[in-house]
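Engineer: Provided below: protein12.txt, containing compact mmCIF, C-alpha atoms.
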# COMPACT_ATOMS: atom_id res chain seq x y z
CA MET A 1 -15.43 0.08 4.65
CA GLY A 2 -12.86 1.50 7.08
CA LEU A 3 -10.43 -0.55 9.12
CA ASN A 4 -10.10 0.24 12.81
CA LEU A 5 -6.39 0.53 13.62
CA LEU A 6 -7.07 -0.69 17.19
CA GLU A 7 -4.59 1.73 18.77
CA LYS A 8 -1.69 0.34 16.68
CA THR A 9 -0.97 3.49 14.71
CA GLU A 10 2.82 3.62 14.29
CA LEU A 11 4.41 2.95 10.93
CA TRP A 12 8.17 2.33 10.77
CA VAL A 13 10.36 2.75 7.71
CA ASN A 14 13.75 1.05 8.02
CA GLU A 15 16.90 1.41 5.92
CA ILE A 16 15.94 4.88 4.77
CA THR A 17 18.52 7.66 4.46
CA LEU A 18 17.68 11.30 5.18
CA LYS A 19 19.72 14.40 4.38
CA ASN A 20 18.09 17.74 5.19
CA ALA A 21 14.73 16.10 4.57
CA ASN A 22 11.54 18.01 5.35
CA LEU A 23 9.73 15.92 7.98
CA THR A 24 6.45 17.76 7.52
CA GLN A 25 6.59 17.02 3.81
CA MET A 26 7.34 13.37 4.50
CA ALA A 27 4.40 13.05 6.89
CA GLY A 28 2.12 14.74 4.37
CA THR A 29 3.26 12.34 1.67
CA VAL A 30 2.45 9.31 3.82
CA ALA A 31 -0.96 10.83 4.56
CA LYS A 32 -1.63 11.37 0.86
CA VAL A 33 -0.78 7.77 -0.04
CA LEU A 34 -3.10 6.56 2.73
CA GLY A 35 -5.88 8.85 1.56
CA LEU A 36 -5.77 11.03 4.67
CA GLN A 37 -5.57 14.75 5.32
CA GLU A 38 -1.97 15.95 5.58
CA ASP A 39 -2.25 16.78 9.29
CA LYS A 40 -3.37 13.23 10.13
CA VAL A 41 0.17 11.82 10.00
CA MET A 42 3.16 13.04 12.00
CA VAL A 43 6.79 12.04 12.44
CA VAL A 44 7.45 10.85 15.99
CA ASP A 45 10.98 9.42 15.78
CA VAL A 46 14.03 9.79 13.55
CA ARG A 47 17.18 7.72 13.89
CA PRO A 48 19.99 6.70 11.53
CA ARG A 49 18.34 4.74 8.67
CA HIS A 50 14.98 4.78 10.46
CA ILE A 51 11.89 6.98 10.74
CA THR A 52 8.62 6.41 12.58
CA PHE A 53 5.29 7.90 11.54
CA ASP A 54 2.17 8.03 13.70
CA VAL A 55 -1.25 7.93 12.06
CA LEU A 56 -3.76 10.11 13.90
CA GLU A 57 -6.87 8.55 12.37
CA LYS A 58 -8.56 5.59 14.05
CA ASN A 59 -10.13 4.29 10.85
CA ILE A 60 -8.70 4.09 7.33
CA PRO A 61 -10.42 2.71 4.21
CA GLN A 62 -9.24 -0.82 3.51
CA GLU A 63 -8.25 -0.10 -0.06
CA ASN A 64 -5.93 2.69 1.12
CA ILE A 65 -3.85 0.25 3.18
CA LEU A 66 -3.69 -3.12 1.49
CA GLY A 67 -0.51 -3.67 -0.52
CA ARG A 68 0.52 0.00 -0.66
CA GLU A 69 4.16 -0.50 0.37
CA ASP A 70 5.63 0.13 -3.09
CA ASP A 71 3.44 3.21 -3.60
CA LEU A 72 4.48 4.61 -0.24
CA LEU A 73 8.19 3.99 -0.71
CA THR A 74 8.10 5.42 -4.24
CA ALA A 75 6.38 8.57 -3.00
CA LEU A 76 8.85 9.01 -0.14
CA GLY A 77 11.83 8.34 -2.41
CA ALA A 78 10.72 11.12 -4.73
CA LEU A 79 11.07 13.73 -1.98
CA PRO A 80 14.20 15.92 -1.68
CA GLY A 81 16.67 14.58 0.85
CA VAL A 82 15.11 11.11 1.04
CA SER A 83 16.94 8.04 -0.29
CA ILE A 84 15.23 4.68 -0.70
CA THR A 85 17.09 1.45 -1.52
CA PRO A 86 15.96 -2.12 -2.30
CA ASP A 87 16.59 -2.86 1.39
CA THR A 88 14.12 -0.22 2.59
CA THR A 89 11.12 -1.80 4.32
CA ILE A 90 7.94 -0.74 6.07
CA HIS A 91 6.73 -2.34 9.28
CA SER A 92 3.82 -1.99 11.70
CA ASN A 93 2.61 -4.20 14.54
CA GLY A 94 -1.04 -3.60 13.73
CA ILE A 95 -3.51 -3.37 10.87
CA LEU A 96 -1.17 -0.92 9.14
CA GLY A 97 1.14 -3.87 8.51
CA LEU A 98 -1.21 -4.80 5.67
CA ILE A 99 0.54 -2.08 3.70
CA CYS A 100 3.23 -4.70 3.07
CA ALA A 101 0.83 -7.49 2.07
CA GLN A 102 1.31 -9.14 -1.32
CA VAL A 103 -2.24 -9.95 -2.34
CA LYS A 104 -3.62 -11.88 -5.32
CA ASN A 105 -7.28 -11.74 -4.28
CA PRO A 106 -7.87 -8.39 -2.51
CA GLU A 107 -11.64 -8.80 -2.08
CA GLU A 108 -11.26 -12.11 -0.26
CA VAL A 109 -8.55 -10.71 2.00
CA LEU A 110 -10.55 -7.58 2.77
CA GLY A 111 -13.54 -9.72 3.72
CA ARG A 112 -11.44 -11.76 6.14
CA ILE A 113 -9.92 -8.59 7.59
CA SER A 114 -13.36 -7.11 8.19
CA ASP A 115 -14.48 -10.26 10.03
CA MET A 116 -11.29 -10.33 12.09
CA THR A 117 -11.63 -6.65 13.00
CA GLN A 118 -15.17 -7.14 14.23
CA GLU A 119 -14.10 -10.17 16.25
CA ILE A 120 -11.22 -8.26 17.84
CA GLN A 121 -13.44 -5.29 18.65
CA ALA A 122 -15.97 -7.60 20.31
CA LYS A 123 -13.24 -9.18 22.44
CA ILE A 124 -11.85 -5.78 23.43
CA ALA A 125 -15.31 -4.60 24.46
CA ARG A 126 -15.48 -7.54 26.90
CA ARG A 127 -12.06 -6.92 28.46
CA ALA A 128 -12.33 -4.98 31.71
CA ILE A 129 -9.85 -3.75 34.29
CA VAL A 130 -10.73 -2.59 37.81
CA PHE A 131 -8.39 -0.25 39.67
CA PRO A 132 -8.56 0.06 43.47
CA THR A 133 -7.66 3.59 44.56
CA GLY A 134 -6.38 5.36 47.63
CA PHE A 135 -3.77 5.22 50.36
CA GLU A 136 -6.32 3.66 52.73
CA ILE A 137 -6.27 0.49 50.67
CA ARG A 138 -2.56 0.58 49.87
CA GLN A 139 -1.69 0.85 53.58
CA GLY A 140 -4.23 -1.77 54.61
CA LEU A 141 -6.30 0.64 56.70
CA ILE A 142 -9.56 -0.57 55.18
CA GLU A 143 -10.69 -3.68 53.35
CA ASP A 144 -11.20 -3.32 49.62
CA THR A 145 -14.69 -4.73 49.16
CA ASN A 146 -15.46 -2.82 45.96
CA THR A 147 -12.93 -4.53 43.71
CA PRO A 148 -13.97 -8.16 44.34
CA TYR A 149 -17.63 -7.16 44.07
CA LEU A 150 -17.13 -5.45 40.71
CA LYS A 151 -14.93 -8.27 39.45
CA LYS A 152 -17.58 -10.90 40.20
CA LEU A 153 -20.38 -8.73 38.81
CA LEU A 154 -18.56 -8.21 35.54
CA GLU A 155 -17.49 -11.85 35.22
CA ASP A 156 -21.08 -12.94 35.80
CA ASN A 157 -21.98 -10.76 32.82
CA GLY A 158 -19.42 -12.25 30.48
CA TYR A 159 -16.43 -9.94 30.95
CA LYS A 160 -12.82 -11.04 31.26
CA VAL A 161 -11.64 -9.02 34.25
CA THR A 162 -8.17 -7.94 35.33
CA VAL A 163 -7.52 -6.30 38.69
CA GLY A 164 -5.10 -3.43 38.21
CA GLU A 165 -2.53 -2.01 40.58
CA ILE A 166 -3.70 0.31 43.33
CA ILE A 167 -3.78 3.89 42.08
CA ASP A 168 -2.20 6.42 44.41
CA ASP A 169 -3.94 9.64 45.38
CA SER A 170 -2.31 11.70 42.65
CA PRO A 171 -3.51 12.82 39.22
CA GLU A 172 -0.16 11.78 37.73
CA ASP A 173 -0.51 8.16 38.88
CA MET A 174 -4.14 8.13 37.79
CA LEU A 175 -3.20 9.41 34.33
CA GLU A 176 -0.32 6.94 33.97
CA LYS A 177 -2.35 3.87 34.90
CA LEU A 178 -5.42 4.82 32.86
CA SER A 179 -3.25 5.57 29.82
CA ASP A 180 -1.53 2.21 30.19
CA ALA A 181 -4.88 0.43 30.43
CA LEU A 182 -6.06 2.09 27.23
CA SER A 183 -2.89 1.12 25.40
CA ARG A 184 -3.35 -2.49 26.54
CA GLY A 185 -6.74 -2.67 24.84
CA PHE A 186 -9.23 -2.74 27.72
CA GLY A 187 -12.74 -1.88 26.58
CA LEU A 188 -13.98 -1.04 30.07
CA ILE A 189 -11.89 0.68 32.75
CA LEU A 190 -13.24 1.14 36.28
CA THR A 191 -11.84 2.85 39.36
CA THR A 192 -13.27 2.14 42.80
CA GLY A 193 -12.97 5.59 44.32
CA GLY A 194 -11.21 8.91 44.23
CA VAL A 195 -14.27 10.98 43.36
CA GLY A 196 -15.02 12.52 46.75
CA ALA A 197 -14.82 16.17 47.69
CA GLU A 198 -11.51 15.77 49.51
CA ASP A 199 -8.40 17.36 48.02
CA LYS A 200 -6.74 13.94 47.91
CA ASP A 201 -9.24 12.54 45.38
CA HIS A 202 -8.01 13.02 41.82
CA THR A 203 -9.92 10.61 39.59
CA VAL A 204 -11.77 13.40 37.81
CA GLU A 205 -8.56 15.41 37.28
CA GLY A 206 -6.77 12.34 35.91
CA ILE A 207 -9.55 11.58 33.44
CA ALA A 208 -9.70 15.23 32.36
CA ARG A 209 -5.96 15.17 31.61
CA LEU A 210 -6.38 11.98 29.62
CA ASP A 211 -9.31 13.35 27.63
CA PRO A 212 -10.21 17.03 28.08
CA THR A 213 -13.52 16.42 26.28
CA ALA A 214 -14.63 13.66 28.67
CA ALA A 215 -17.86 14.19 30.60
CA THR A 216 -16.83 14.55 34.25
CA PRO A 217 -18.67 15.80 37.35
Would you mind writing the structure in this file as structure tokens?

Structural biologist:
Amino acid sequence: MGLNLLEKTELWVNEITLKNANLTQMAGTVAKVLGLQEDKVMVVDVRPRHITFDVLEKNIPQENILGREDDLLTALGALPGVSITPDTTIHSNGILGLICAQVKNPEEVLGRISDMTQEIQAKIARRAIVFPTGFEIRQGLIEDTNTPYLKKLLEDNGYKVTVGEIIDDSPEDMLEKLSDALSRGFGLILTTGGVGAEDKDHTVEGIARLDPTAATP
């Protein structure tokens, strides 16, 4: 069974020393330990005694994550230009943090993780955010009746609803606020306008920038 990383895909290695290290090789090594294709891990940040990897897969088999810290550090330490010490550690804010778990009963832990993942996914699916859009609302030219209507409708159907900031009539602001909502774990994101034929309406353009494969009018 695969574990959903729930958008927490960064893996940090601290107290690691690099000298002319091949970052592509390092990313490929992490991918191999996690049972992924080499191009599914990339290096996104390098600092003194620190490197950050980003995993580009949303789901990883449980057995490839749990308790793999020693395997991962050993594999990295075997690479040219990479020095690992007893102080070197791995950290992640999400499911990937299970790499560091010291487990005596893996099957029991994996069962609990699976239940927790399903519970989290169910909660995310019921978290909604509604964004009012347009200068007409921002400047108080018209009353925003759509947002309170949608908020009540969703709450009546069991959603936990947040009202987002007003989105300006620009694809950049649309992209920024939608991206932020995704990163905050909302399962349903609604905008109240910006889909007209006028050149000031940019909802479709913003969504297309966020996901070029999205179905848009």

Engineer: Could you build a table of the residues in range 150-177 of chain A lying no more than 6 Å from range 125-134 of chain A, giving for each the nearest pair of atoms and their separation in Å rounded to one decimal place, using all atoms listed in the file, ordered by chain and ascending residue number, as a tab-separated table?

Structural biologist:
residue	atom	partner	partner_atom	distance
A:Tyr159	CA	A:Arg126	CA	4.8
A:Lys160	CA	A:Arg127	CA	5.0
A:Val161	CA	A:Ala128	CA	4.8
A:Thr162	CA	A:Ile129	CA	4.6
A:Val163	CA	A:Val130	CA	5.0
A:Gly164	CA	A:Phe131	CA	4.8
A:Ile166	CA	A:Pro132	CA	4.9
A:Ile167	CA	A:Thr133	CA	4.6
A:Asp168	CA	A:Gly134	CA	5.4
A:Asp169	CA	A:Gly134	CA	5.4

Engineer: In Å, how far is it from CA of Ser92 in chain A to CA of Thr9 in chain A?

Structural biologist: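 A separation of 7.9 Å between them.
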
Engineer: Taking all atoms listed in the file into account, name the residue in A:Gly206, A:Gly140, A:Gly28, A:Pro212 that is nearest to Phe53 in chain A.

Structural biologist: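 Using all atoms listed in the file, the shortest distance to Phe53 in chain A belongs to A:Gly28.
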
Engineer: Rounded to one decimal place, report the CA of Ala27 in chain A-CA of Val43 in chain A distance in Å.

Structural biologist: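 CA of Ala27 in chain A sits 6.1 Å away from CA of Val43 in chain A.
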
Engineer: Which neighbours of Gln37 in chain A fall inside 12 Å, counting all atoms listed in the file, when residues of the same chain fewer than 3 positions from it are skipped, and could you give them as an mmCIF file with C-alpha atoms, in the frame of the given file?

Structural biologist:
data_model
loop_
_atom_site.group_PDB
_atom_site.id
_atom_site.type_symbol
_atom_site.label_atom_id
_atom_site.label_comp_id
_atom_site.auth_asym_id
_atom_site.auth_seq_id
_atom_site.Cartn_x
_atom_site.Cartn_y
_atom_site.Cartn_z
ATOM 1 C CA ALA A 27 4.400 13.050 6.890
ATOM 2 C CA GLY A 28 2.120 14.740 4.370
ATOM 3 C CA THR A 29 3.260 12.340 1.670
ATOM 4 C CA VAL A 30 2.450 9.310 3.820
ATOM 5 C CA ALA A 31 -0.960 10.830 4.560
ATOM 6 C CA LYS A 32 -1.630 11.370 0.860
ATOM 7 C CA VAL A 33 -0.780 7.770 -0.040
ATOM 8 C CA LEU A 34 -3.100 6.560 2.730
ATOM 9 C CA LYS A 40 -3.370 13.230 10.130
ATOM 10 C CA VAL A 41 0.170 11.820 10.000
ATOM 11 C CA MET A 42 3.160 13.040 12.000
ATOM 12 C CA VAL A 55 -1.250 7.930 12.060
ATOM 13 C CA LEU A 56 -3.760 10.110 13.900
ATOM 14 C CA GLU A 57 -6.870 8.550 12.370
ATOM 15 C CA ILE A 60 -8.700 4.090 7.330
#

Engineer: Could you check how far CA of Lys58 in chain A sits from CA of Trp12 in chain A, in Å to one decimal?

Structural biologist: 17.4 Å

Engineer: Show me, as a ChimeraX atom specification, the residues that have an atom within 9 Å of Asn22 in chain A when counting all atoms listed in the file, minus same-chain residues fewer than 5 positions from it.

Structural biologist: /A:27,79-82
